[in-house]
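*Asks:* So here's protein.cif (mmCIF, C-alpha atoms (C1' of nucleotides)).
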data_upload
loop_
_atom_site.label_atom_id
_atom_site.label_comp_id
_atom_site.auth_asym_id
_atom_site.auth_seq_id
_atom_site.Cartn_x
_atom_site.Cartn_y
_atom_site.Cartn_z
CA MET A 1 0.00 0.00 0.00
CA GLY A 2 2.86 2.36 -0.68
CA VAL A 3 4.30 4.18 2.32
CA THR A 4 1.11 4.52 4.31
CA LYS A 5 1.29 6.43 7.59
CA THR A 6 -1.02 4.04 9.42
CA GLU A 7 0.15 5.16 12.84
CA ASN A 8 -1.47 8.55 12.38
CA PHE A 9 -4.95 7.15 12.04
CA THR A 10 -7.20 5.44 14.55
CA LYS A 11 -7.36 1.69 15.04
CA SER A 12 -10.90 1.74 13.78
CA GLN A 13 -9.98 3.60 10.62
CA ASN A 14 -7.14 1.22 9.92
CA GLN A 15 -9.31 -1.82 10.59
CA LEU A 16 -12.07 -0.61 8.33
CA ALA A 17 -9.53 0.14 5.62
CA ALA A 18 -8.09 -3.36 6.00
CA TYR A 19 -11.49 -4.97 5.54
CA ALA A 20 -12.22 -2.77 2.57
CA LYS A 21 -8.86 -3.63 1.07
CA ALA A 22 -9.71 -7.32 1.31
CA LEU A 23 -12.63 -6.63 -1.02
CA ALA A 24 -10.71 -4.20 -3.20
CA HIS A 25 -9.95 -6.69 -5.97
CA PRO A 26 -12.48 -8.39 -8.25
CA ALA A 27 -10.85 -11.78 -7.77
CA ARG A 28 -11.31 -11.56 -4.02
CA VAL A 29 -14.88 -10.39 -4.47
CA ALA A 30 -15.41 -13.44 -6.66
CA ILE A 31 -13.89 -15.72 -4.04
CA ILE A 32 -16.11 -14.30 -1.30
CA GLU A 33 -19.18 -14.57 -3.50
CA TYR A 34 -18.36 -18.18 -4.27
CA LEU A 35 -17.88 -18.99 -0.61
CA LEU A 36 -21.15 -17.28 0.25
CA LYS A 37 -23.06 -19.05 -2.50
CA HIS A 38 -21.78 -22.50 -1.65
CA GLN A 39 -22.68 -22.11 1.99
CA THR A 40 -20.57 -25.18 2.45
CA CYS A 41 -16.89 -24.49 2.10
CA ILE A 42 -14.83 -25.62 -0.84
CA CYS A 43 -11.25 -26.08 -1.78
CA GLY A 44 -9.44 -25.58 -5.03
CA ASP A 45 -12.58 -25.45 -7.12
CA LEU A 46 -11.72 -21.80 -6.93
CA VAL A 47 -8.75 -22.38 -9.17
CA ASP A 48 -11.08 -23.81 -11.83
CA GLU A 49 -13.66 -21.14 -11.19
CA LEU A 50 -11.35 -18.14 -11.43
CA PRO A 51 -9.57 -16.94 -14.58
CA LEU A 52 -6.23 -16.91 -12.77
CA ALA A 53 -3.31 -19.24 -12.25
CA GLN A 54 -3.22 -21.45 -9.19
CA ALA A 55 -0.40 -19.46 -7.63
CA THR A 56 -2.37 -16.25 -7.99
CA VAL A 57 -5.51 -17.70 -6.46
CA SER A 58 -3.44 -18.97 -3.56
CA GLN A 59 -2.06 -15.50 -3.05
CA HIS A 60 -5.52 -13.93 -2.93
CA LEU A 61 -6.65 -16.59 -0.49
CA LYS A 62 -3.69 -15.76 1.68
CA GLU A 63 -4.67 -12.11 1.84
CA LEU A 64 -8.24 -12.95 2.79
CA LYS A 65 -6.93 -15.36 5.39
CA GLN A 66 -4.58 -12.74 6.81
CA VAL A 67 -7.32 -10.21 7.36
CA GLY A 68 -9.32 -13.02 8.95
CA ILE A 69 -12.37 -13.01 6.70
CA ILE A 70 -11.83 -16.61 5.63
CA LYS A 71 -10.23 -19.60 7.23
CA GLY A 72 -8.96 -22.90 5.86
CA GLU A 73 -8.98 -26.38 7.22
CA ILE A 74 -7.09 -29.41 5.98
CA GLU A 75 -9.47 -31.87 4.39
CA GLY A 76 -7.56 -34.90 3.26
CA SER A 77 -5.07 -33.83 0.66
CA SER A 78 -6.88 -30.61 -0.15
CA ILE A 79 -7.91 -27.59 1.88
CA CYS A 80 -11.39 -26.46 2.73
CA TYR A 81 -11.99 -22.73 2.88
CA CYS A 82 -14.91 -20.88 4.30
CA ILE A 83 -16.02 -17.55 5.66
CA ASP A 84 -15.17 -16.87 9.29
CA ASN A 85 -18.49 -15.72 10.67
CA LYS A 86 -17.05 -13.77 13.56
CA VAL A 87 -14.75 -11.63 11.44
CA TRP A 88 -17.27 -11.40 8.63
CA ASN A 89 -19.83 -9.95 11.00
CA GLU A 90 -17.37 -7.50 12.43
CA ALA A 91 -16.53 -6.26 8.94
CA LYS A 92 -20.23 -6.04 8.15
CA ASP A 93 -20.93 -4.07 11.32
CA MET A 94 -18.14 -1.59 10.66
CA LEU A 95 -19.17 -1.02 7.06
CA VAL A 96 -22.90 -0.90 7.71
CA ASN A 97 -22.25 1.51 10.55
CA LEU A 98 -20.31 3.79 8.24
CA PHE A 99 -22.89 3.70 5.50
CA MET A 100 -25.87 4.13 7.78
CA SER A 101 -24.53 7.34 9.28
CA LYS A 102 -25.40 9.22 6.12
CA VAL A 103 -28.80 10.73 6.81
CA THR A 104 -30.01 13.18 4.20
CA LYS A 105 -28.90 16.05 2.07
CA ASN A 106 -25.85 18.28 2.09
CA THR A 107 -26.06 22.00 2.59
CA CYS A 108 -24.21 22.62 -0.64
CA CYS A 109 -23.18 20.65 -3.75
CA MET B 110 -3.30 -2.24 -8.60
CA GLY B 111 -0.60 -4.24 -10.29
CA VAL B 112 -1.52 -5.99 -13.51
CA THR B 113 -5.11 -6.82 -12.68
CA LYS B 114 -7.08 -8.84 -15.23
CA THR B 115 -10.26 -6.86 -14.75
CA GLU B 116 -11.74 -7.98 -18.04
CA ASN B 117 -12.15 -11.51 -16.73
CA PHE B 118 -14.50 -10.51 -13.96
CA THR B 119 -18.05 -9.23 -14.04
CA LYS B 120 -18.96 -5.56 -14.08
CA SER B 121 -20.54 -5.97 -10.70
CA GLN B 122 -17.44 -7.55 -9.22
CA ASN B 123 -15.26 -4.80 -10.60
CA GLN B 124 -17.61 -2.09 -9.39
CA LEU B 125 -17.79 -3.51 -5.90
CA ALA B 126 -14.01 -3.82 -5.83
CA ALA B 127 -13.70 -0.20 -6.95
CA TYR B 128 -15.94 1.02 -4.14
CA ALA B 129 -14.08 -1.10 -1.63
CA LYS B 130 -10.79 0.23 -2.91
CA ALA B 131 -11.99 3.77 -2.29
CA LEU B 132 -12.31 2.87 1.38
CA ALA B 133 -9.13 0.80 1.45
CA HIS B 134 -6.95 3.49 2.97
CA PRO B 135 -7.31 4.98 6.46
CA ALA B 136 -6.92 8.52 5.13
CA ARG B 137 -9.86 8.04 2.80
CA VAL B 138 -11.90 6.49 5.58
CA ALA B 139 -11.08 9.56 7.65
CA ILE B 140 -12.15 11.85 4.84
CA ILE B 141 -15.45 10.05 4.43
CA GLU B 142 -16.08 10.05 8.16
CA TYR B 143 -15.39 13.76 8.28
CA LEU B 144 -17.75 14.43 5.41
CA LEU B 145 -20.43 12.31 7.04
CA LYS B 146 -20.03 13.98 10.41
CA HIS B 147 -20.17 17.51 9.09
CA GLN B 148 -23.34 16.84 7.18
CA THR B 149 -22.56 20.07 5.45
CA CYS B 150 -19.69 19.87 3.06
CA ILE B 151 -16.32 21.42 3.70
CA CYS B 152 -13.21 22.34 1.84
CA GLY B 153 -9.59 22.25 2.84
CA ASP B 154 -10.28 21.84 6.53
CA LEU B 155 -9.34 18.31 5.63
CA VAL B 156 -5.77 19.37 5.13
CA ASP B 157 -5.68 20.63 8.71
CA GLU B 158 -7.59 17.64 9.97
CA LEU B 159 -5.46 14.96 8.37
CA PRO B 160 -1.84 14.15 9.27
CA LEU B 161 -0.79 14.42 5.65
CA ALA B 162 0.61 17.06 3.33
CA GLN B 163 -1.75 19.10 1.21
CA ALA B 164 -0.65 17.37 -1.97
CA THR B 165 -1.39 13.98 -0.49
CA VAL B 166 -4.83 14.96 0.72
CA SER B 167 -5.60 16.33 -2.71
CA GLN B 168 -4.59 13.01 -4.23
CA HIS B 169 -6.90 11.03 -1.94
CA LEU B 170 -9.73 13.42 -2.72
CA LYS B 171 -9.10 12.85 -6.39
CA GLU B 172 -9.46 9.11 -5.98
CA LEU B 173 -12.70 9.45 -4.09
CA LYS B 174 -13.93 11.86 -6.74
CA GLN B 175 -12.98 9.47 -9.54
CA VAL B 176 -14.97 6.61 -8.11
CA GLY B 177 -17.81 9.08 -7.67
CA ILE B 178 -18.35 8.82 -3.92
CA ILE B 179 -17.65 12.49 -3.38
CA LYS B 180 -18.03 15.57 -5.50
CA GLY B 181 -16.61 19.06 -5.27
CA GLU B 182 -18.00 22.45 -6.05
CA ILE B 183 -16.19 25.74 -6.37
CA GLU B 184 -17.03 27.96 -3.44
CA GLY B 185 -15.26 31.26 -3.83
CA SER B 186 -11.55 30.64 -3.90
CA SER B 187 -11.82 27.27 -2.20
CA ILE B 188 -13.62 24.05 -3.01
CA CYS B 189 -16.51 22.45 -1.20
CA TYR B 190 -16.58 18.68 -1.05
CA CYS B 191 -19.39 16.43 -0.06
CA ILE B 192 -20.72 12.92 -0.38
CA ASP B 193 -22.61 12.17 -3.58
CA ASN B 194 -25.77 10.55 -2.26
CA LYS B 195 -26.57 8.65 -5.42
CA VAL B 196 -23.21 6.92 -5.64
CA TRP B 197 -22.94 6.53 -1.90
CA ASN B 198 -26.24 4.66 -1.83
CA GLU B 199 -25.23 2.46 -4.71
CA ALA B 200 -22.04 1.51 -2.90
CA LYS B 201 -24.03 0.89 0.26
CA ASP B 202 -26.50 -1.32 -1.58
CA MET B 203 -23.79 -3.40 -3.21
CA LEU B 204 -21.90 -3.90 0.03
CA VAL B 205 -24.95 -4.51 2.20
CA ASN B 206 -26.22 -6.95 -0.38
CA LEU B 207 -22.96 -8.87 -0.24
CA PHE B 208 -22.83 -8.95 3.51
CA MET B 209 -26.44 -9.87 4.02
CA SER B 210 -26.20 -12.97 1.84
CA LYS B 211 -24.33 -14.77 4.60
CA VAL B 212 -27.00 -16.75 6.41
CA THR B 213 -25.73 -19.19 8.98
CA LYS B 214 -23.07 -21.76 9.56
CA ASN B 215 -20.69 -23.61 7.28
CA THR B 216 -20.72 -27.35 6.87
CA CYS B 217 -17.08 -27.60 7.80
CA CYS B 218 -14.40 -25.37 9.37
"C1'" DA C 219 -1.69 44.91 -11.36
"C1'" DA C 220 0.39 42.63 -7.57
"C1'" DA C 221 0.03 39.98 -3.60
"C1'" DT C 222 -2.33 36.32 -1.20
"C1'" DA C 223 -4.97 32.15 -0.40
"C1'" DT C 224 -6.57 27.73 -1.96
"C1'" DT C 225 -6.35 23.61 -4.56
"C1'" DA C 226 -4.44 20.68 -8.39
"C1'" DT C 227 -0.77 18.68 -10.76
"C1'" DC C 228 4.07 17.22 -11.75
"C1'" DG C 229 8.05 14.62 -10.74
"C1'" DC C 230 10.26 11.62 -7.97
"C1'" DA C 231 11.46 7.91 -4.40
"C1'" DA C 232 9.96 4.18 -1.63
"C1'" DT C 233 7.01 0.54 -1.24
"C1'" DA C 234 3.01 -2.58 -2.40
"C1'" DT C 235 0.19 -5.24 -5.55
"C1'" DT C 236 -0.78 -8.43 -9.22
"C1'" DA C 237 0.42 -12.20 -11.94
"C1'" DC C 238 2.69 -16.36 -13.18
"C1'" DG C 239 6.07 -20.20 -13.81
"C1'" DA C 240 8.84 -23.09 -11.13
"C1'" DT C 241 9.30 -25.60 -7.32
"C1'" DA C 242 8.62 -27.11 -2.59
"C1'" DA C 243 5.70 -29.38 0.83
"C1'" DC C 244 2.34 -32.47 2.02
"C1'" DA C 245 -1.14 -36.28 2.08
"C1'" DC C 246 -2.69 -40.22 -0.06
"C1'" DA C 247 -2.61 -44.19 -3.40
"C1'" DA C 248 -0.45 -47.79 -5.90
"C1'" DT D 249 8.94 -46.33 -1.99
"C1'" DT D 250 7.34 -44.10 -5.89
"C1'" DG D 251 4.12 -41.68 -7.92
"C1'" DT D 252 -0.01 -38.41 -8.06
"C1'" DG D 253 -2.82 -34.67 -6.72
"C1'" DT D 254 -3.30 -30.44 -4.09
"C1'" DT D 255 -1.81 -26.18 -2.13
"C1'" DA D 256 1.91 -22.92 -0.59
"C1'" DT D 257 5.91 -20.39 -1.43
"C1'" DC D 258 9.79 -18.31 -4.08
"C1'" DG D 259 11.54 -15.35 -7.52
"C1'" DT D 260 10.71 -11.99 -10.78
"C1'" DA D 261 8.53 -8.59 -14.00
"C1'" DA D 262 5.12 -5.14 -14.72
"C1'" DT D 263 2.37 -1.87 -12.71
"C1'" DA D 264 0.07 0.81 -8.89
"C1'" DT D 265 0.03 3.27 -4.55
"C1'" DT D 266 1.59 6.49 -1.09
"C1'" DG D 267 3.83 10.54 0.15
"C1'" DC D 268 5.84 14.98 -0.41
"C1'" DG D 269 8.15 19.20 -2.21
"C1'" DA D 270 7.83 22.23 -5.90
"C1'" DT D 271 5.11 24.51 -8.85
"C1'" DA D 272 1.06 25.63 -11.61
"C1'" DA D 273 -3.65 27.30 -11.77
"C1'" DT D 274 -7.33 29.95 -10.17
"C1'" DA D 275 -9.97 33.23 -7.36
"C1'" DT D 276 -10.02 36.92 -4.09
"C1'" DT D 277 -8.03 40.91 -1.84
"C1'" DT D 278 -5.32 44.99 -1.60
#
Here is the file; what I need is its structure written in the form of structure tokens.

*Replies:*
Amino acid sequence: MGVTKTENFTKSQNQLAAYAKALAHPARVAIIEYLLKHQTCICGDLVDELPLAQATVSQHLKELKQVGIIKGEIEGSSICYCIDNKVWNEAKDMLVNLFMSKVTKNTCC
Amino acid sequence: MGVTKTENFTKSQNQLAAYAKALAHPARVAIIEYLLKHQTCICGDLVDELPLAQATVSQHLKELKQVGIIKGEIEGSSICYCIDNKVWNEAKDMLVNLFMSKVTKNTCC
DNA sequence: AAATATTATCGCAATATTACGATAACACAA
DNA sequence: TTGTGTTATCGTAATATTGCGATAATATTT
């Protein structure tokens, strides 16, 4: 993210930005949508599903895992990914909270 | 954003990612929060408010303007920024829609 | 017109992201 | 053990982001 001065912003602002960043790439949006659709978790079907190389998909999964939105579990020789409800709800709450605070009109513009 | 293969994803996925990206930096979150708090729009109070140089603030404003979330209007010798309700609501709808589709538990993990 | 105030843009350096092939690491099967 | 399938990691190239000083552009004031 370049040379971001994270220390000058609040924890909440940084956390919200981190969640937003997790969704800031169409491939990761696609991954999340897939995981939401197939309530049940899946594995490397994502590699077939997405128009990206296996290494790239793995990298996107890593980012989502790092921010906590998804988690993986070993399932035989493959790995089963799914949404982490706790983190997912926290992200939802932070975003919904931000968006809901907009009431009506501006005084100018 | 690196060498993103945007053309291989849906319009909706790219649009959602673009909105998320707008919020993917604490400075831009801070700008949005400020604009939401001061229902009325403001100008370069943001430069005083944020721990960043004027040029940097201007750059973040430009990004928010490009995605459409905010808009600016000339107000004398300064510029008045505010949230664009139409775009803001569209972003809200897309994000809320994504987050609300998560129902209950996973079958594994 | 000249000075001042406000915002945008340019140019640059440092760092991060995206993508992929190659390869490692691991579990399971033959 | 030797393969086979699955996922992670490494290394690298291309591009994007972040930040800031310097400067341009514009409007207002003197």

*Asks:* Quick one: which residues end up in the PyMOL selection byres ((chain B and resi 209) around 12) for this structure, as an MDAnalysis selection string?

*Replies:* (chainID A and resid 33 36:37 85 88:89 91:93 95:96) or (chainID B and resid 201:208 210:213)

*Asks:* Output the contact residues of chain D with respect to chain A at a cut-off of 6 Å, based on only C-alpha atoms (C1' of nucleotides), as a list of chain:residue names.

*Replies:*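 For chain D, the answer reads D:DT254, D:DT265, D:DT266.
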
*Asks:* I'd like to know which of B:Ile140, B:Ile178, B:Val166, B:Val196 is closest to chain C, using all atoms listed in the file.

*Replies:* B:Val166

*Asks:* With all atoms listed in the file as the basis for distance, which of C:DA219, C:DT225, C:DA231, C:DT236 is at the shortest distance from DG269 (chain D)?

*Replies:*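 Under the stated criterion, the closest residue is C:DA231.
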
*Asks:* Compute the set of chain C residues within 12 Å of chain B, using all atoms listed in the file, and express it as a list of chain:residue names.

*Replies:*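 Taking all atoms listed in the file into account, C:DT222, C:DA223, C:DT224, C:DT225, C:DA226, C:DT227, C:DC228, C:DA234, C:DT235, C:DT236, C:DA237, C:DC238 sit within 12 Å of chain B.
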
*Asks:* Please, what is the axis-aligned box for every listed atom of region 82-101 of chain A with 5 Å on each side, as centre and edge lengths in Å to one decimal, as JSON?

*Replies:*
{"center_x": -20.3, "center_y": -6.8, "center_z": 8.9, "size_x": 21.1, "size_y": 38.2, "size_z": 19.3}

*Asks:* Please, which residues in chain A fall within 8 Å of chain B when counting all atoms listed in the file, and what is the closest atom pair and distance in Å to one decimal for each, ordered by chain then residue number, as a tab-separated table?

*Replies:*
residue	atom	partner	partner_atom	distance
A:Thr6	CA	B:Pro135	CA	7.0
A:Asn8	CA	B:Pro160	CA	6.4
A:Phe9	CA	B:Pro135	CA	6.4
A:Gln13	CA	B:Pro135	CA	5.1
A:Asn14	CA	B:Pro135	CA	5.1
A:Leu16	CA	B:Pro135	CA	7.6
A:Ala17	CA	B:Ala133	CA	4.2
A:Ala18	CA	B:Ala133	CA	6.3
A:Tyr19	CA	B:Ala133	CA	7.5
A:Ala20	CA	B:Ala133	CA	4.9
A:Lys21	CA	B:Ala133	CA	4.5
A:Leu23	CA	B:Ala126	CA	5.7
A:Ala24	CA	B:Ala126	CA	4.2
A:His25	CA	B:Ala126	CA	5.0
A:Pro26	CA	B:Asn123	CA	5.1
A:Ala27	CA	B:Phe118	CA	7.3
A:Val29	CA	B:Gln122	CA	6.1
A:Ala30	CA	B:Gln122	CA	6.7
A:Glu33	CA	B:Leu207	CA	7.6
A:Leu36	CA	B:Lys211	CA	5.9
A:Gln39	CA	B:Asn215	CA	5.8
A:Thr40	CA	B:Thr216	CA	4.9
A:Cys41	CA	B:Asn215	CA	6.5
A:Pro51	CA	B:Asn117	CA	6.4
A:Lys71	CA	B:Cys218	CA	7.4
A:Gly72	CA	B:Cys218	CA	6.9
A:Glu73	CA	B:Cys218	CA	5.9
A:Cys80	CA	B:Cys218	CA	7.4
A:Tyr81	CA	B:Cys218	CA	7.4
A:Cys82	CA	B:Cys218	CA	6.8
A:Ile83	CA	B:Asn215	CA	7.8
A:Asn85	CA	B:Lys214	CA	7.7
A:Trp88	CA	B:Phe208	CA	7.9
A:Lys92	CA	B:Phe208	CA	6.1
A:Val96	CA	B:Val205	CA	6.9
A:Leu98	CA	B:Glu142	CA	7.6
A:Phe99	CA	B:Lys201	CA	6.1
A:Ser101	CA	B:Leu145	CA	6.8
A:Lys102	CA	B:Leu145	CA	5.9
A:Lys105	CA	B:Gln148	CA	7.6
A:Asn106	CA	B:Thr149	CA	5.0
A:Thr107	CA	B:Thr149	CA	4.9
A:Cys108	CA	B:Cys150	CA	6.5
A:Cys109	CA	B:Glu182	CA	5.9

*Asks:* Report, in Å with one decimal, the straight-line distance from C1' of DG253 (chain D) to CA of Leu64 (chain A).

*Replies:*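 Calculated distance between C1' of DG253 (chain D) and CA of Leu64 (chain A) is 24.3 Å.
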
*Asks:* Suppose you want the space between CA of Leu46 (chain A) and CA of Leu61 (chain A); what is it in Å?

*Replies:* 9.7 Å

*Asks:* Could you jot down the C1' of DA248 (chain C) to C1' of DG251 (chain D) separation for me, Å, one decimal place?

*Replies:*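 Distance between the two atoms: 7.9 Å.
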